[in-house]
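Q: For reference, this is upload.cif, and it has mmCIF, C-alpha atoms.
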data_start
loop_
_atom_site.label_atom_id
_atom_site.label_comp_id
_atom_site.auth_asym_id
_atom_site.auth_seq_id
_atom_site.Cartn_x
_atom_site.Cartn_y
_atom_site.Cartn_z
CA MET A 1 48.56 44.58 1.92
CA ALA A 2 48.94 41.02 3.21
CA LEU A 3 45.96 39.30 4.79
CA ARG A 4 46.92 39.10 8.45
CA SER A 5 44.16 40.86 10.45
CA VAL A 6 40.44 40.19 10.15
CA ALA A 7 37.66 42.26 11.73
CA VAL A 8 34.12 40.87 11.70
CA LEU A 9 31.38 43.48 12.16
CA LEU A 10 28.44 41.94 14.02
CA GLN A 11 25.02 43.55 13.87
CA GLU A 12 22.29 42.39 16.22
CA PRO A 13 20.49 40.05 15.79
CA VAL A 14 23.38 37.97 14.49
CA GLN A 15 22.67 35.16 12.02
CA LEU A 16 24.75 32.45 13.60
CA PHE A 17 25.76 30.27 10.66
CA GLU A 18 26.94 33.15 8.51
CA TYR A 19 29.03 34.49 11.38
CA ALA A 20 30.36 30.99 12.14
CA VAL A 21 31.57 30.66 8.53
CA LEU A 22 33.93 33.58 9.06
CA ALA A 23 35.00 32.32 12.49
CA GLU A 24 35.78 28.88 11.05
CA VAL A 25 37.92 30.17 8.19
CA PHE A 26 39.71 33.04 9.92
CA GLY A 27 39.22 32.57 13.66
CA ILE A 28 40.88 29.20 14.29
CA ASP A 29 44.61 28.76 14.85
CA ARG A 30 45.82 26.30 12.22
CA THR A 31 49.53 27.03 12.47
CA ASP A 32 50.08 23.33 13.20
CA ASP A 33 48.97 22.72 9.59
CA GLY A 34 51.32 25.36 8.21
CA CYS A 35 48.67 28.09 7.94
CA PRO A 36 49.59 31.61 9.02
CA PRO A 37 47.69 32.90 12.06
CA PHE A 38 45.08 35.62 11.69
CA ASP A 39 44.63 38.48 14.12
CA TYR A 40 40.89 37.84 14.46
CA ARG A 41 38.67 40.54 15.97
CA VAL A 42 34.94 40.32 16.56
CA CYS A 43 33.56 43.85 16.69
CA SER A 44 30.24 45.47 17.45
CA GLU A 45 28.85 48.91 18.06
CA ARG A 46 27.74 47.51 21.42
CA PRO A 47 30.46 45.13 22.68
CA GLY A 48 29.36 42.20 24.83
CA LEU A 49 26.85 39.42 24.30
CA LEU A 50 24.69 39.79 21.19
CA ASP A 51 21.45 37.95 20.43
CA ALA A 52 21.85 35.22 17.80
CA GLY A 53 18.33 33.75 18.08
CA ASN A 54 16.93 30.63 19.73
CA GLY A 55 18.38 31.60 23.08
CA THR A 56 21.93 31.77 21.70
CA THR A 57 24.31 34.66 22.23
CA VAL A 58 27.60 35.58 20.57
CA SER A 59 30.37 37.51 22.25
CA ALA A 60 31.73 40.59 20.51
CA PRO A 61 34.60 41.80 22.73
CA HIS A 62 35.78 44.66 20.50
CA ARG A 63 34.33 48.02 19.57
CA LEU A 64 34.08 49.06 15.93
CA ALA A 65 37.31 50.99 16.30
CA ALA A 66 39.17 47.66 16.29
CA ALA A 67 38.40 47.40 12.56
CA ALA A 68 40.25 50.63 11.78
CA ASP A 69 43.46 48.93 10.63
CA ALA A 70 42.19 45.44 9.70
CA ASP A 71 43.29 43.93 6.39
CA LEU A 72 39.81 42.42 5.97
CA VAL A 73 36.52 43.79 7.25
CA ALA A 74 33.79 41.15 7.01
CA VAL A 75 30.03 41.62 7.38
CA PRO A 76 27.93 38.49 7.99
CA ALA A 77 24.17 38.33 7.63
CA SER A 78 21.96 39.97 10.23
CA GLY A 79 18.38 40.99 10.76
CA ALA A 80 19.75 44.54 10.95
CA ALA A 81 21.83 44.34 7.75
CA ARG A 82 19.31 46.34 5.73
CA GLU A 83 19.43 49.29 8.12
CA PRO A 84 23.02 49.57 9.39
CA SER A 85 23.95 52.27 11.88
CA PRO A 86 25.86 55.34 10.73
CA GLU A 87 28.89 54.06 12.65
CA VAL A 88 28.94 50.74 10.79
CA VAL A 89 28.59 52.60 7.49
CA ARG A 90 31.47 54.89 8.43
CA VAL A 91 33.77 51.96 9.31
CA LEU A 92 33.08 50.30 5.97
CA ARG A 93 33.64 53.47 3.95
CA GLU A 94 36.91 54.15 5.73
CA ALA A 95 38.03 50.55 5.16
CA ALA A 96 37.29 50.87 1.45
CA GLU A 97 39.12 54.19 1.24
CA ARG A 98 42.29 52.74 2.76
CA GLY A 99 42.22 49.71 0.45
CA ALA A 100 41.20 46.98 2.88
CA TRP A 101 39.43 43.85 1.70
CA ILE A 102 35.67 43.91 2.42
CA LEU A 103 33.61 40.72 2.38
CA SER A 104 29.90 40.21 2.96
CA VAL A 105 27.99 37.00 3.54
CA CYS A 106 24.35 36.67 2.44
CA SER A 107 22.28 39.70 3.52
CA GLY A 108 25.45 41.45 4.68
CA ALA A 109 25.51 42.81 1.11
CA PHE A 110 22.72 45.23 2.09
CA THR A 111 25.06 46.82 4.62
CA LEU A 112 27.71 47.25 1.92
CA GLY A 113 25.05 48.77 -0.32
CA ALA A 114 24.01 51.22 2.38
CA ALA A 115 27.66 52.30 2.61
CA GLY A 116 27.68 52.99 -1.13
CA LEU A 117 30.21 50.25 -1.82
CA LEU A 118 28.11 48.37 -4.40
CA ASP A 119 27.44 51.30 -6.75
CA GLY A 120 28.83 50.53 -10.18
CA ARG A 121 29.80 47.03 -9.09
CA ARG A 122 28.57 43.53 -9.78
CA CYS A 123 27.59 41.79 -6.55
CA ALA A 124 25.86 38.78 -5.02
CA THR A 125 23.55 37.87 -2.17
CA HIS A 126 21.22 34.99 -1.36
CA TRP A 127 18.94 34.37 -4.34
CA ARG A 128 15.87 35.10 -2.19
CA HIS A 129 17.18 38.62 -1.48
CA ALA A 130 18.53 39.39 -4.96
CA ALA A 131 15.50 41.27 -6.28
CA ASP A 132 15.26 43.35 -3.11
CA LEU A 133 18.97 44.19 -3.24
CA ALA A 134 18.68 45.25 -6.88
CA GLU A 135 15.65 47.42 -6.12
CA ARG A 136 17.29 49.13 -3.15
CA PHE A 137 20.57 49.76 -4.93
CA PRO A 138 19.80 50.34 -8.62
CA HIS A 139 23.38 51.38 -9.39
CA ALA A 140 24.62 47.90 -8.43
CA THR A 141 24.48 44.90 -10.76
CA VAL A 142 23.11 42.00 -8.74
CA ASP A 143 23.90 38.52 -10.08
CA PRO A 144 21.42 36.05 -8.54
CA ASP A 145 23.14 32.97 -9.96
CA VAL A 146 26.70 33.04 -8.62
CA LEU A 147 28.10 31.84 -5.30
CA TYR A 148 30.23 34.96 -4.88
CA VAL A 149 31.57 37.98 -6.77
CA GLN A 150 34.88 39.77 -6.43
CA GLU A 151 34.97 43.33 -7.75
CA GLY A 152 38.27 44.94 -6.90
CA ARG A 153 38.79 44.40 -3.18
CA ILE A 154 35.10 43.89 -2.43
CA ILE A 155 33.70 40.37 -2.25
CA THR A 156 30.00 39.62 -1.87
CA SER A 157 28.68 36.10 -1.41
CA ALA A 158 25.37 34.30 -1.55
CA GLY A 159 23.70 32.57 1.38
CA THR A 160 25.21 30.44 4.12
CA ALA A 161 27.77 27.99 2.67
CA ALA A 162 28.60 30.35 -0.20
CA GLY A 163 30.34 32.42 2.45
CA ILE A 164 32.82 29.56 2.80
CA ASP A 165 33.49 29.69 -0.93
CA ALA A 166 34.06 33.44 -0.81
CA ALA A 167 36.31 33.29 2.24
CA LEU A 168 38.43 30.50 0.78
CA HIS A 169 38.65 32.43 -2.49
CA LEU A 170 40.10 35.37 -0.59
CA VAL A 171 42.58 33.14 1.25
CA ARG A 172 43.59 31.57 -2.06
CA THR A 173 44.01 35.02 -3.63
CA GLU A 174 46.12 36.46 -0.81
CA LEU A 175 47.93 33.44 0.63
CA GLY A 176 47.91 30.86 -2.15
CA ALA A 177 46.11 27.65 -3.04
CA GLY A 178 48.15 25.63 -0.56
CA VAL A 179 46.90 27.53 2.48
CA ALA A 180 43.33 27.59 1.18
CA GLY A 181 43.51 23.85 0.55
CA ARG A 182 44.77 23.13 4.06
CA ILE A 183 41.98 25.19 5.62
CA ALA A 184 39.38 23.50 3.40
CA ARG A 185 40.74 20.05 4.29
CA ARG A 186 40.40 20.79 8.02
CA MET A 187 36.86 22.03 7.42
CA VAL A 188 36.09 18.96 5.26
CA VAL A 189 34.82 21.11 2.41
CA PRO A 190 35.97 21.42 -1.21
CA PRO A 191 38.48 24.23 -1.75
CA HIS A 192 36.40 25.29 -4.75
CA ARG A 193 32.86 24.44 -5.82
CA ASP A 194 31.56 24.42 -9.37
CA GLY A 195 28.37 26.10 -10.42
CA GLY A 196 26.27 28.72 -8.74
CA GLN A 197 23.02 29.33 -6.90
CA ARG A 198 20.85 28.20 -9.78
CA GLN A 199 21.33 24.55 -8.74
CA PHE A 200 19.76 25.29 -5.33
CA VAL A 201 16.80 27.43 -6.44
CA GLU A 202 13.34 25.89 -6.50
CA ARG A 203 11.84 26.70 -9.88
CA PRO A 204 8.13 25.82 -9.99
CA VAL A 205 6.20 25.58 -13.22
CA PRO A 206 5.20 29.12 -14.20
CA THR A 207 1.50 29.85 -13.81
CA THR A 208 -0.77 32.08 -15.84
CA GLU A 209 -4.12 33.70 -15.24
CA CYS A 210 -5.19 33.04 -18.82
CA GLU A 211 -7.39 29.89 -19.00
CA SER A 212 -6.56 29.09 -22.61
CA LEU A 213 -2.83 29.31 -21.97
CA GLY A 214 -3.23 27.30 -18.77
CA GLU A 215 -4.51 24.40 -20.87
CA VAL A 216 -1.65 24.86 -23.33
CA LEU A 217 0.96 24.85 -20.56
CA ALA A 218 -0.51 21.71 -19.03
CA HIS A 219 -0.51 20.07 -22.47
CA MET A 220 3.16 20.94 -23.00
CA ALA A 221 4.18 19.86 -19.49
CA GLU A 222 2.49 16.48 -19.88
CA ARG A 223 4.19 15.86 -23.24
CA LEU A 224 7.76 17.07 -22.75
CA ASP A 225 9.13 14.66 -25.35
CA ASP A 226 6.82 15.93 -28.12
CA GLN A 227 7.81 18.52 -30.69
CA HIS A 228 5.55 21.52 -29.99
CA THR A 229 5.35 24.03 -32.83
CA VAL A 230 3.88 27.50 -32.42
CA ALA A 231 1.32 26.60 -35.08
CA ASP A 232 0.14 23.52 -33.16
CA LEU A 233 0.02 25.38 -29.85
CA ALA A 234 -1.85 28.32 -31.38
CA ARG A 235 -4.49 25.94 -32.77
CA LEU A 236 -4.86 24.36 -29.33
CA ALA A 237 -5.36 27.84 -27.83
CA SER A 238 -7.76 28.83 -30.64
CA MET A 239 -5.63 31.84 -31.53
CA SER A 240 -3.68 33.04 -34.52
CA GLU A 241 0.04 32.28 -34.35
CA ARG A 242 0.88 35.97 -33.95
CA THR A 243 -1.63 36.50 -31.14
CA PHE A 244 -0.57 33.30 -29.40
CA ALA A 245 3.13 34.19 -29.50
CA ARG A 246 2.44 37.67 -28.11
CA ARG A 247 0.08 36.37 -25.41
CA PHE A 248 2.49 33.60 -24.40
CA VAL A 249 5.35 36.03 -23.76
CA ALA A 250 3.03 38.43 -21.93
CA GLU A 251 1.66 35.69 -19.65
CA THR A 252 4.79 33.62 -18.97
CA GLY A 253 7.61 36.09 -19.55
CA THR A 254 9.30 33.85 -22.10
CA THR A 255 8.87 32.15 -25.47
CA PRO A 256 7.20 28.74 -25.97
CA HIS A 257 10.55 27.20 -26.91
CA GLN A 258 12.32 28.53 -23.83
CA TRP A 259 9.42 27.61 -21.55
CA LEU A 260 9.52 24.05 -22.85
CA THR A 261 13.30 23.88 -22.44
CA ASP A 262 13.00 25.14 -18.85
CA GLN A 263 10.41 22.50 -18.01
CA ARG A 264 12.58 19.78 -19.52
CA VAL A 265 15.49 20.96 -17.38
CA LEU A 266 13.26 20.88 -14.29
CA ARG A 267 12.11 17.34 -15.10
CA ALA A 268 15.71 16.24 -15.63
CA ARG A 269 16.64 17.80 -12.29
CA GLU A 270 13.90 15.82 -10.53
CA LEU A 271 15.02 12.57 -12.14
CA LEU A 272 18.67 13.19 -11.28
CA GLU A 273 17.77 13.90 -7.65
CA GLU A 274 15.21 11.15 -7.16
CA SER A 275 16.33 8.23 -9.33
CA ASP A 276 19.40 6.25 -10.34
CA LEU A 277 18.45 6.28 -14.03
CA PRO A 278 21.38 6.57 -16.44
CA VAL A 279 21.86 10.05 -17.89
CA GLU A 280 20.77 8.76 -21.31
CA GLU A 281 17.45 7.61 -19.84
CA VAL A 282 17.03 10.91 -18.02
CA ALA A 283 17.52 12.68 -21.34
CA GLN A 284 14.81 10.56 -22.95
CA ARG A 285 12.29 10.96 -20.12
CA SER A 286 12.79 14.70 -19.83
CA GLY A 287 12.29 15.26 -23.54
CA PHE A 288 15.84 16.13 -24.62
CA GLY A 289 16.31 12.89 -26.49
CA THR A 290 20.08 12.66 -26.23
CA ALA A 291 22.56 12.96 -23.37
CA ALA A 292 24.46 15.60 -25.33
CA LEU A 293 21.42 17.88 -25.59
CA LEU A 294 20.62 17.31 -21.92
CA ARG A 295 24.16 18.27 -20.89
CA HIS A 296 24.06 21.40 -23.03
CA HIS A 297 20.74 22.75 -21.77
CA PHE A 298 21.13 21.53 -18.18
CA THR A 299 24.55 23.13 -17.76
CA ARG A 300 23.29 26.34 -19.34
CA GLY A 301 20.19 26.44 -17.11
CA ILE A 302 21.51 25.12 -13.79
CA GLY A 303 25.19 26.02 -13.96
CA VAL A 304 26.65 22.52 -13.55
CA SER A 305 26.59 19.33 -15.62
CA PRO A 306 23.95 16.63 -14.94
CA SER A 307 26.57 14.27 -13.47
CA THR A 308 27.95 16.97 -11.16
CA PHE A 309 24.45 17.97 -10.08
CA ARG A 310 23.56 14.36 -9.27
CA ARG A 311 26.76 13.87 -7.29
CA GLN A 312 26.06 17.00 -5.23
CA HIS A 313 22.31 16.55 -4.74
CA ARG A 314 21.32 12.89 -5.11
CA HIS A 315 21.50 12.10 -1.39
CA SER A 316 20.78 15.57 -0.01
CA ALA A 317 17.14 15.86 -0.98
#
Here is the file; what I need is its structure written in the form of C-alpha cells.
A:
Amino acid sequence: MALRSVAVLLQEPVQLFEYAVLAEVFGIDRTDDGCPPFDYRVCSERPGLLDAGNGTTVSAPHRLAAAADADLVAVPASGAAREPSPEVVRVLREAAERGAWILSVCSGAFTLGAAGLLDGRRCATHWRHAADLAERFPHATVDPDVLYVQEGRIITSAGTAAGIDAALHLVRTELGAGVAGRIARRMVVPPHRDGGQRQFVERPVPTTECESLGEVLAHMAERLDDQHTVADLARLASMSERTFARRFVAETGTTPHQWLTDQRVLRARELLEESDLPVEEVAQRSGFGTAALLRHHFTRGIGVSPSTFRRQHRHSA
C-alpha cells in the first residue's frame, strides 16, 4: 500500500501544534520540489469549525467516513484523546484491520490505546504522560525515552516536535530518503534527529523524607568529584553498611553509585547548557574526571553525546 492518502482525525479541543505538524508534512503541495502530492483529509465526528484554544478554530471539512480508505490515519493530541468516541475507536480499528498506517502524536496515543491498538506493542507518548499511558494500558510497553516508536504499521510519537520526526520517518519508509529530505529542507528541520526525550526531561535532585539520608545526599551533591564509598557514607549516616545500602535504595529508588552518577550527569548537563567550558573541564567539574567517562555516562543517561547535547541546547535555554 503506497502512501498517497492521509486522513487526520481531529478530536475537540484540538491541540494546534500537534495538528499543524501533520498538516505541514502531509497537507502542503510540494510537487514543485519533486514530492508526490498527498490526498489530505481533515476529518471529525462533527465536521466544521473545532475549538483549538485561545480563540482559535480549525476547520474539519470531512466526516470520519473519509478515513475509510486512507493509507494513513493520523491522530494528533487533544484534550479528548483519553476518552475517544466509539466512532473514532471504530475508524481506527477498521484502519488497522485493513492494514493502513496509523500514527499518533503526543497524547493521541491514548486514543490508539482505547482502540486496543497498543496491546502487546511498544509505544511512545510525551514523557509527562508516559506513566499514565502505562497505567491505563498495562498490556502496552511504554518507552518514555524515545522520540517515536514503529511497531508494524503503527507509529506513536512523543510530544510536539517528535511528531515531525515520526511523520518524516514514515515518509522515508514509504517514499524514500530523498522525498523525506526535501520535505525536511522546506520545513527547515533535520530529516532525522539523534537521541530521545531524555535530553528534554527536567530531572531534579531526588528528595527523601529521611533526615539522615538527606544530609548524606547533600554531602554527595556538594562533593561530586569525591570518591564516595558505601562505608564512608554509612558512617556519615551513623548506620551499618548493610542498613545504609537497604535504606538508600528504599528512599531514593537507586543505589549510591547510580545516584551519584545521575547527579554528575545533571551537573554536566547544566554546564553544557550554561557555559562554554571545554568538555574536558566539564568532565572535571561534574566529577567524571575524564572526557571519556563523561561521554560514556552522559550518552547512556541522556541519549546523546555531550557535544551533540550542547549543540542542540546551548542557545535554547
Q: When the PyMOL selection byres ((chain A and resi 285) around 9) is applied to the structure above, which residues does it catch, written out as a compact mmCIF listing (two decimals) with C-alpha atoms, keeping the file's coordinate frame?
A:
# COMPACT_ATOMS: atom_id res chain seq x y z
CA LEU A 224 7.76 17.07 -22.75
CA ASP A 225 9.13 14.66 -25.35
CA ARG A 264 12.58 19.78 -19.52
CA ARG A 267 12.11 17.34 -15.10
CA ALA A 268 15.71 16.24 -15.63
CA LEU A 271 15.02 12.57 -12.14
CA GLU A 280 20.77 8.76 -21.31
CA GLU A 281 17.45 7.61 -19.84
CA VAL A 282 17.03 10.91 -18.02
CA ALA A 283 17.52 12.68 -21.34
CA GLN A 284 14.81 10.56 -22.95
CA SER A 286 12.79 14.70 -19.83
CA GLY A 287 12.29 15.26 -23.54
CA PHE A 288 15.84 16.13 -24.62
CA GLY A 289 16.31 12.89 -26.49
Q: Name all residues at most 8 Å from range 61-72 of chain A (count all atoms listed in the file; drop same-chain ones fewer than 4 positions away) and give them as a list in words.
A: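 The residues satisfying every condition are Met1, Ala2, Leu3, Arg4, Ser5, Val6, Ala7, Val8, Leu9, Arg41, Val42, Cys43, Ser44, Glu45, Arg46, Pro47, Gly48, Glu87, Val88, Val91, Glu94, Ala95, Ala100, Trp101, Ile102 and Leu103 of chain A.
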Q: Suppose a student applies the PyMOL selection byres ((chain A and resi 112-120) around 12) to this structure; what residues should they get, written as a PDB file with C-alpha atoms, keeping the file's coordinate frame?
A:
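Saved result, selection_35.pdb, follows:
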ATOM      1  CA  LEU A   9      31.380  43.480  12.160  1.00  0.00           C
ATOM      2  CA  VAL A  73      36.520  43.790   7.250  1.00  0.00           C
ATOM      3  CA  ALA A  74      33.790  41.150   7.010  1.00  0.00           C
ATOM      4  CA  VAL A  75      30.030  41.620   7.380  1.00  0.00           C
ATOM      5  CA  PRO A  76      27.930  38.490   7.990  1.00  0.00           C
ATOM      6  CA  ALA A  77      24.170  38.330   7.630  1.00  0.00           C
ATOM      7  CA  ALA A  80      19.750  44.540  10.950  1.00  0.00           C
ATOM      8  CA  ALA A  81      21.830  44.340   7.750  1.00  0.00           C
ATOM      9  CA  ARG A  82      19.310  46.340   5.730  1.00  0.00           C
ATOM     10  CA  GLU A  83      19.430  49.290   8.120  1.00  0.00           C
ATOM     11  CA  PRO A  84      23.020  49.570   9.390  1.00  0.00           C
ATOM     12  CA  SER A  85      23.950  52.270  11.880  1.00  0.00           C
ATOM     13  CA  PRO A  86      25.860  55.340  10.730  1.00  0.00           C
ATOM     14  CA  GLU A  87      28.890  54.060  12.650  1.00  0.00           C
ATOM     15  CA  VAL A  88      28.940  50.740  10.790  1.00  0.00           C
ATOM     16  CA  VAL A  89      28.590  52.600   7.490  1.00  0.00           C
ATOM     17  CA  ARG A  90      31.470  54.890   8.430  1.00  0.00           C
ATOM     18  CA  VAL A  91      33.770  51.960   9.310  1.00  0.00           C
ATOM     19  CA  LEU A  92      33.080  50.300   5.970  1.00  0.00           C
ATOM     20  CA  ARG A  93      33.640  53.470   3.950  1.00  0.00           C
ATOM     21  CA  GLU A  94      36.910  54.150   5.730  1.00  0.00           C
ATOM     22  CA  ALA A  95      38.030  50.550   5.160  1.00  0.00           C
ATOM     23  CA  ALA A  96      37.290  50.870   1.450  1.00  0.00           C
ATOM     24  CA  GLU A  97      39.120  54.190   1.240  1.00  0.00           C
ATOM     25  CA  TRP A 101      39.430  43.850   1.700  1.00  0.00           C
ATOM     26  CA  ILE A 102      35.670  43.910   2.420  1.00  0.00           C
ATOM     27  CA  LEU A 103      33.610  40.720   2.380  1.00  0.00           C
ATOM     28  CA  SER A 104      29.900  40.210   2.960  1.00  0.00           C
ATOM     29  CA  VAL A 105      27.990  37.000   3.540  1.00  0.00           C
ATOM     30  CA  CYS A 106      24.350  36.670   2.440  1.00  0.00           C
ATOM     31  CA  SER A 107      22.280  39.700   3.520  1.00  0.00           C
ATOM     32  CA  GLY A 108      25.450  41.450   4.680  1.00  0.00           C
ATOM     33  CA  ALA A 109      25.510  42.810   1.110  1.00  0.00           C
ATOM     34  CA  PHE A 110      22.720  45.230   2.090  1.00  0.00           C
ATOM     35  CA  THR A 111      25.060  46.820   4.620  1.00  0.00           C
ATOM     36  CA  ARG A 121      29.800  47.030  -9.090  1.00  0.00           C
ATOM     37  CA  ARG A 122      28.570  43.530  -9.780  1.00  0.00           C
ATOM     38  CA  CYS A 123      27.590  41.790  -6.550  1.00  0.00           C
ATOM     39  CA  ALA A 124      25.860  38.780  -5.020  1.00  0.00           C
ATOM     40  CA  THR A 125      23.550  37.870  -2.170  1.00  0.00           C
ATOM     41  CA  ASP A 132      15.260  43.350  -3.110  1.00  0.00           C
ATOM     42  CA  LEU A 133      18.970  44.190  -3.240  1.00  0.00           C
ATOM     43  CA  ALA A 134      18.680  45.250  -6.880  1.00  0.00           C
ATOM     44  CA  GLU A 135      15.650  47.420  -6.120  1.00  0.00           C
ATOM     45  CA  ARG A 136      17.290  49.130  -3.150  1.00  0.00           C
ATOM     46  CA  PHE A 137      20.570  49.760  -4.930  1.00  0.00           C
ATOM     47  CA  PRO A 138      19.800  50.340  -8.620  1.00  0.00           C
ATOM     48  CA  HIS A 139      23.380  51.380  -9.390  1.00  0.00           C
ATOM     49  CA  ALA A 140      24.620  47.900  -8.430  1.00  0.00           C
ATOM     50  CA  THR A 141      24.480  44.900 -10.760  1.00  0.00           C
ATOM     51  CA  VAL A 142      23.110  42.000  -8.740  1.00  0.00           C
ATOM     52  CA  VAL A 149      31.570  37.980  -6.770  1.00  0.00           C
ATOM     53  CA  GLN A 150      34.880  39.770  -6.430  1.00  0.00           C
ATOM     54  CA  GLU A 151      34.970  43.330  -7.750  1.00  0.00           C
ATOM     55  CA  GLY A 152      38.270  44.940  -6.900  1.00  0.00           C
ATOM     56  CA  ARG A 153      38.790  44.400  -3.180  1.00  0.00           C
ATOM     57  CA  ILE A 154      35.100  43.890  -2.430  1.00  0.00           C
ATOM     58  CA  ILE A 155      33.700  40.370  -2.250  1.00  0.00           C
ATOM     59  CA  THR A 156      30.000  39.620  -1.870  1.00  0.00           C
ATOM     60  CA  SER A 157      28.680  36.100  -1.410  1.00  0.00           C
TER      61      SER A 157
END
Q: So the first atom is CA of Val14 in chain A and the second is CA of Thr57 in chain A; what is the distance between them in Å, to one decimal place?
A: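 Calculated distance between CA of Val14 in chain A and CA of Thr57 in chain A is 8.5 Å.
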Q: What is the distance between CA of Val265 in chain A and CA of Ala161 in chain A, in Å to one decimal?
A: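 For CA of Val265 in chain A relative to CA of Ala161 in chain A, the distance reads 24.5 Å.
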Q: Could you give me, as a list in words, the residues that sit within 12 Å of (22.9, 24.9, -21.0) in the file's coordinates, counting all atoms listed in the file?
A: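 Within the cut-off we find Gly195, Arg198, Gln258, Thr261, Asp262, Arg264, Val265, Phe288, Ala292, Leu293, Leu294, Arg295, His296, His297, Phe298, Thr299, Arg300, Gly301, Ile302, Gly303, Val304, Ser305 and Pro306 of chain A.
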Q: Report the distance between CA of Glu24 in chain A and CA of Ala131 in chain A in Å, rounded to one decimal place.
A: 29.4 Å
Q: Which residues would end up in the selection if the PyMOL selection byres ((chain A and resi 176-178) around 12) were applied here, given that I need the answer as a list in words?
A: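 This file, filtered by the PyMOL selection byres ((chain A and resi 176-178) around 12), leaves Ala2, Leu3, Asp33, Gly34, Cys35, Pro36, Leu168, His169, Leu170, Val171, Arg172, Thr173, Glu174, Leu175, Val179, Ala180, Gly181, Arg182, Ile183, Ala184, Arg185, Pro191 and His192 of chain A.
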Q: Which residues are near Val58 in chain A? Cut-off 8 Å, only C-alpha atoms, ignore same chain within fewer than 3 positions. Put them as a compact mmCIF listing (two decimals) with C-alpha atoms, in the frame of the given file.
A:
# COMPACT_ATOMS: atom_id res chain seq x y z
CA VAL A 14 23.38 37.97 14.49
CA LEU A 49 26.85 39.42 24.30
CA LEU A 50 24.69 39.79 21.19
CA ASP A 51 21.45 37.95 20.43
CA ALA A 52 21.85 35.22 17.80
Q: Counting all atoms listed in the file, which of A:Val188, A:Ala130, A:Ala167, A:Val216 gets nearest to Met239 in chain A?
A: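 Counting all atoms listed in the file, the residue closest to Met239 in chain A is A:Val216.
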Q: Which neighbours of Leu213 in chain A fall inside 12 Å, counting all atoms listed in the file, when residues of the same chain fewer than 4 positions from it are skipped, and could you give them as JSON, numbers by chain?
A: {"A": [206, 207, 208, 209, 217, 218, 219, 220, 233, 234, 235, 236, 237, 238, 239, 243, 244, 245, 246, 247, 248, 249, 250, 251, 252, 256]}
Q: Rank nothing, just name the residue among A:Asp32, A:Glu12, A:Asp39, A:Asp226 nearest to Gly53 in chain A, using all atoms listed in the file.
A: A:Glu12
